[in-house]
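So the structure is just underneath, and the comments pick up after that.
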Amino acid sequence: MDDNAFIEIKKEYDDFYRDLLRQGKLPLRNTGRGFWGHAIAEEIYSAFKRLNLQKSKSFVDLGSGDGKVVLIASLFCKRAVGIEMDNELHQKALEIQRKLSIPNAIFYNNDFFAHSISEFDVVFTYPDAPMERGLEKKLLNELNGKLIHYGHHFHPLQLKKEHSFFINGDLFTVYSR
């Protein structure tokens, strides 16, 4: 992990969100297929440190939005992947990745249900719908590593809870099959 690289990533996203606010937009919205809400950079970085994410080789964010979580994960893992349906958010992720020259992040503009997650050590989700609407079934069938669940809402019902902790009041929970 590299604190200076994290600061650069955080700055890019802070600038992006400031630009949205200047346009009268919030850094959250309905994408037509789900709901995008930004993750808090400092919380994600702290959680990944606490979870020793650097011990993992591969990471995938299901519904990666603007790519922030993936780019932060790329500081820890050999390969960090984001899958996002919304083209505008996908393009923002690619733009910031290119600007910061982060080679080990990969972004797919697609439905994460169309991608296997079985090859990943870590799966990340900040869910926008109850797990029983399909995601939990995918996790039960394909999860071979750990699931990092961000937030207080929409937790899986059938996965095994390993542990959880709070950072600035936000909940991080680790699950396995």
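Labels for the structure tokens follow display order: chains A, B, ..., residues from 1 in each chain, ligands from 1.
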- How would you write, as a PyMOL selection string, the set of residues in stretch 34-138 of chain A that DSSP gives as strand (DSSP E)? chain A and resi 35-37+58-62+79-84+105-109+122-125
- Message: So that I can see what lies close to A:Ile96, please list as number ranges by chain the residues with an atom at most 9 Å from it, counting only C-alpha atoms and leaving out residues fewer than 5 positions away in the same chain.
- Response: A: 9, 12-13, 66-68, 71, 91, 101-102
- Query: Hey, which of A:Glu95, A:Glu142, A:Asp170, A:Glu88 ends up closest to A:Val123? Count only C-alpha atoms.
  - Reply: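 For A:Val123, the nearest of the given residues is A:Glu142.
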Within 8 Å of stretch 148-152 of chain A, counting only C-alpha atoms, which residues qualify if same-chain residues fewer than 5 places away don't, as a PDB file with N, CA and C atoms, in the first residue's frame?
ATOM      1  N   VAL A 122     -11.076 -11.861  -2.983  1.00  0.00           N
ATOM      2  CA  VAL A 122     -11.937 -10.928  -2.255  1.00  0.00           C
ATOM      3  C   VAL A 122     -12.988 -10.371  -3.210  1.00  0.00           C
ATOM      4  N   VAL A 123     -14.226 -10.396  -2.743  1.00  0.00           N
ATOM      5  CA  VAL A 123     -15.347  -9.790  -3.455  1.00  0.00           C
ATOM      6  C   VAL A 123     -15.867  -8.672  -2.565  1.00  0.00           C
ATOM      7  N   PHE A 124     -16.096  -7.503  -3.159  1.00  0.00           N
ATOM      8  CA  PHE A 124     -16.579  -6.338  -2.415  1.00  0.00           C
ATOM      9  C   PHE A 124     -17.960  -5.972  -2.915  1.00  0.00           C
ATOM     10  N   THR A 125     -18.833  -5.611  -1.987  1.00  0.00           N
ATOM     11  CA  THR A 125     -20.139  -5.092  -2.380  1.00  0.00           C
ATOM     12  C   THR A 125     -20.594  -3.998  -1.433  1.00  0.00           C
ATOM     13  N   TYR A 126     -21.198  -3.003  -2.021  1.00  0.00           N
ATOM     14  CA  TYR A 126     -21.910  -1.929  -1.313  1.00  0.00           C
ATOM     15  C   TYR A 126     -23.311  -1.998  -1.926  1.00  0.00           C
ATOM     16  N   PRO A 127     -24.124  -2.958  -1.467  1.00  0.00           N
ATOM     17  CA  PRO A 127     -25.334  -3.335  -2.203  1.00  0.00           C
ATOM     18  C   PRO A 127     -26.414  -2.257  -2.241  1.00  0.00           C
ATOM     19  N   ASP A 170     -19.492   3.558  10.052  1.00  0.00           N
ATOM     20  CA  ASP A 170     -19.918   2.708   8.938  1.00  0.00           C
ATOM     21  C   ASP A 170     -19.446   1.285   9.158  1.00  0.00           C
ATOM     22  N   LEU A 171     -20.310   0.351   8.836  1.00  0.00           N
ATOM     23  CA  LEU A 171     -20.083  -1.057   9.107  1.00  0.00           C
ATOM     24  C   LEU A 171     -19.398  -1.769   7.943  1.00  0.00           C
ATOM     25  N   PHE A 172     -18.378  -2.540   8.273  1.00  0.00           N
ATOM     26  CA  PHE A 172     -17.714  -3.435   7.337  1.00  0.00           C
ATOM     27  C   PHE A 172     -17.872  -4.840   7.893  1.00  0.00           C
ATOM     28  N   THR A 173     -18.364  -5.756   7.078  1.00  0.00           N
ATOM     29  CA  THR A 173     -18.577  -7.136   7.517  1.00  0.00           C
ATOM     30  C   THR A 173     -17.925  -8.064   6.512  1.00  0.00           C
ATOM     31  N   VAL A 174     -17.245  -9.077   7.027  1.00  0.00           N
ATOM     32  CA  VAL A 174     -16.590 -10.067   6.179  1.00  0.00           C
ATOM     33  C   VAL A 174     -17.381 -11.371   6.293  1.00  0.00           C
ATOM     34  N   TYR A 175     -17.694 -11.921   5.129  1.00  0.00           N
ATOM     35  CA  TYR A 175     -18.455 -13.172   5.039  1.00  0.00           C
ATOM     36  C   TYR A 175     -17.663 -14.200   4.225  1.00  0.00           C
TER      37      TYR A 175
END
- Item | Close residues, A:Gln54 itself excluded, 9 Å, only C-alpha atoms, min 4 positions apart in chain, as JSON, numbers by chain | {"A": [1, 48, 49, 73, 75, 76, 77, 78]}
Output for the residues just chosen: N, CA and C atoms as an mmCIF file, in the first residue's frame:
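Dumped to result27.cif:
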data_model
loop_
_atom_site.group_PDB
_atom_site.id
_atom_site.type_symbol
_atom_site.label_atom_id
_atom_site.label_comp_id
_atom_site.auth_asym_id
_atom_site.auth_seq_id
_atom_site.Cartn_x
_atom_site.Cartn_y
_atom_site.Cartn_z
ATOM 1 N N MET A 1 0.841 -1.181 0.000
ATOM 2 C CA MET A 1 0.000 0.000 0.000
ATOM 3 C C MET A 1 0.881 1.237 0.000
ATOM 4 N N PHE A 48 -9.359 -1.587 4.327
ATOM 5 C CA PHE A 48 -8.469 -2.484 3.595
ATOM 6 C C PHE A 48 -7.166 -2.708 4.359
ATOM 7 N N LYS A 49 -6.676 -1.673 5.022
ATOM 8 C CA LYS A 49 -5.489 -1.840 5.874
ATOM 9 C C LYS A 49 -5.808 -2.800 7.018
ATOM 10 N N ALA A 73 -8.252 -0.502 -3.899
ATOM 11 C CA ALA A 73 -7.872 -1.918 -3.761
ATOM 12 C C ALA A 73 -6.620 -2.236 -4.572
ATOM 13 N N LEU A 75 -4.033 -0.652 -4.745
ATOM 14 C CA LEU A 75 -2.850 -0.329 -3.942
ATOM 15 C C LEU A 75 -2.437 -1.508 -3.064
ATOM 16 N N PHE A 76 -3.334 -2.452 -2.887
ATOM 17 C CA PHE A 76 -3.113 -3.599 -2.008
ATOM 18 C C PHE A 76 -2.943 -4.911 -2.776
ATOM 19 N N CYS A 77 -3.725 -5.094 -3.832
ATOM 20 C CA CYS A 77 -3.790 -6.378 -4.536
ATOM 21 C C CYS A 77 -3.079 -6.310 -5.882
ATOM 22 N N LYS A 78 -2.646 -7.466 -6.321
ATOM 23 C CA LYS A 78 -1.984 -7.570 -7.622
ATOM 24 C C LYS A 78 -2.952 -7.215 -8.760
#
- Item | Shell of 9 Å around A:Ile83, only C-alpha atoms, local chain residues under 5 positions omitted, as a list in words |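 Contacts, with the query itself left out: Val60, Asp61, Leu62, Gly63, Ser64, Gly65, Gly67, His90, Ile106, Phe107, Tyr108, Asn109, Asn110, Asp111, Phe112 and His115 of chain A.
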With C-alpha atoms retained, write the just-selected residues as a PDB file, in the first residue's frame.
ATOM      1  CA  VAL A  60     -13.518  -7.595  -7.534  1.00  0.00           C
ATOM      2  CA  ASP A  61     -16.071  -4.881  -6.791  1.00  0.00           C
ATOM      3  CA  LEU A  62     -19.582  -5.839  -7.910  1.00  0.00           C
ATOM      4  CA  GLY A  63     -21.262  -2.666  -9.086  1.00  0.00           C
ATOM      5  CA  SER A  64     -18.073  -0.627  -8.962  1.00  0.00           C
ATOM      6  CA  GLY A  65     -19.668   2.726  -9.778  1.00  0.00           C
ATOM      7  CA  GLY A  67     -14.181   2.960  -9.643  1.00  0.00           C
ATOM      8  CA  HIS A  90     -17.540   3.273 -15.992  1.00  0.00           C
ATOM      9  CA  ILE A 106      -9.394  -3.528 -14.774  1.00  0.00           C
ATOM     10  CA  PHE A 107     -12.878  -2.181 -15.427  1.00  0.00           C
ATOM     11  CA  TYR A 108     -15.739  -3.910 -17.232  1.00  0.00           C
ATOM     12  CA  ASN A 109     -18.811  -2.025 -18.421  1.00  0.00           C
ATOM     13  CA  ASN A 110     -21.196  -4.903 -17.903  1.00  0.00           C
ATOM     14  CA  ASP A 111     -23.612  -6.666 -15.592  1.00  0.00           C
ATOM     15  CA  PHE A 112     -21.710  -8.398 -12.789  1.00  0.00           C
ATOM     16  CA  HIS A 115     -19.086 -12.495 -14.771  1.00  0.00           C
TER      17      HIS A 115
END
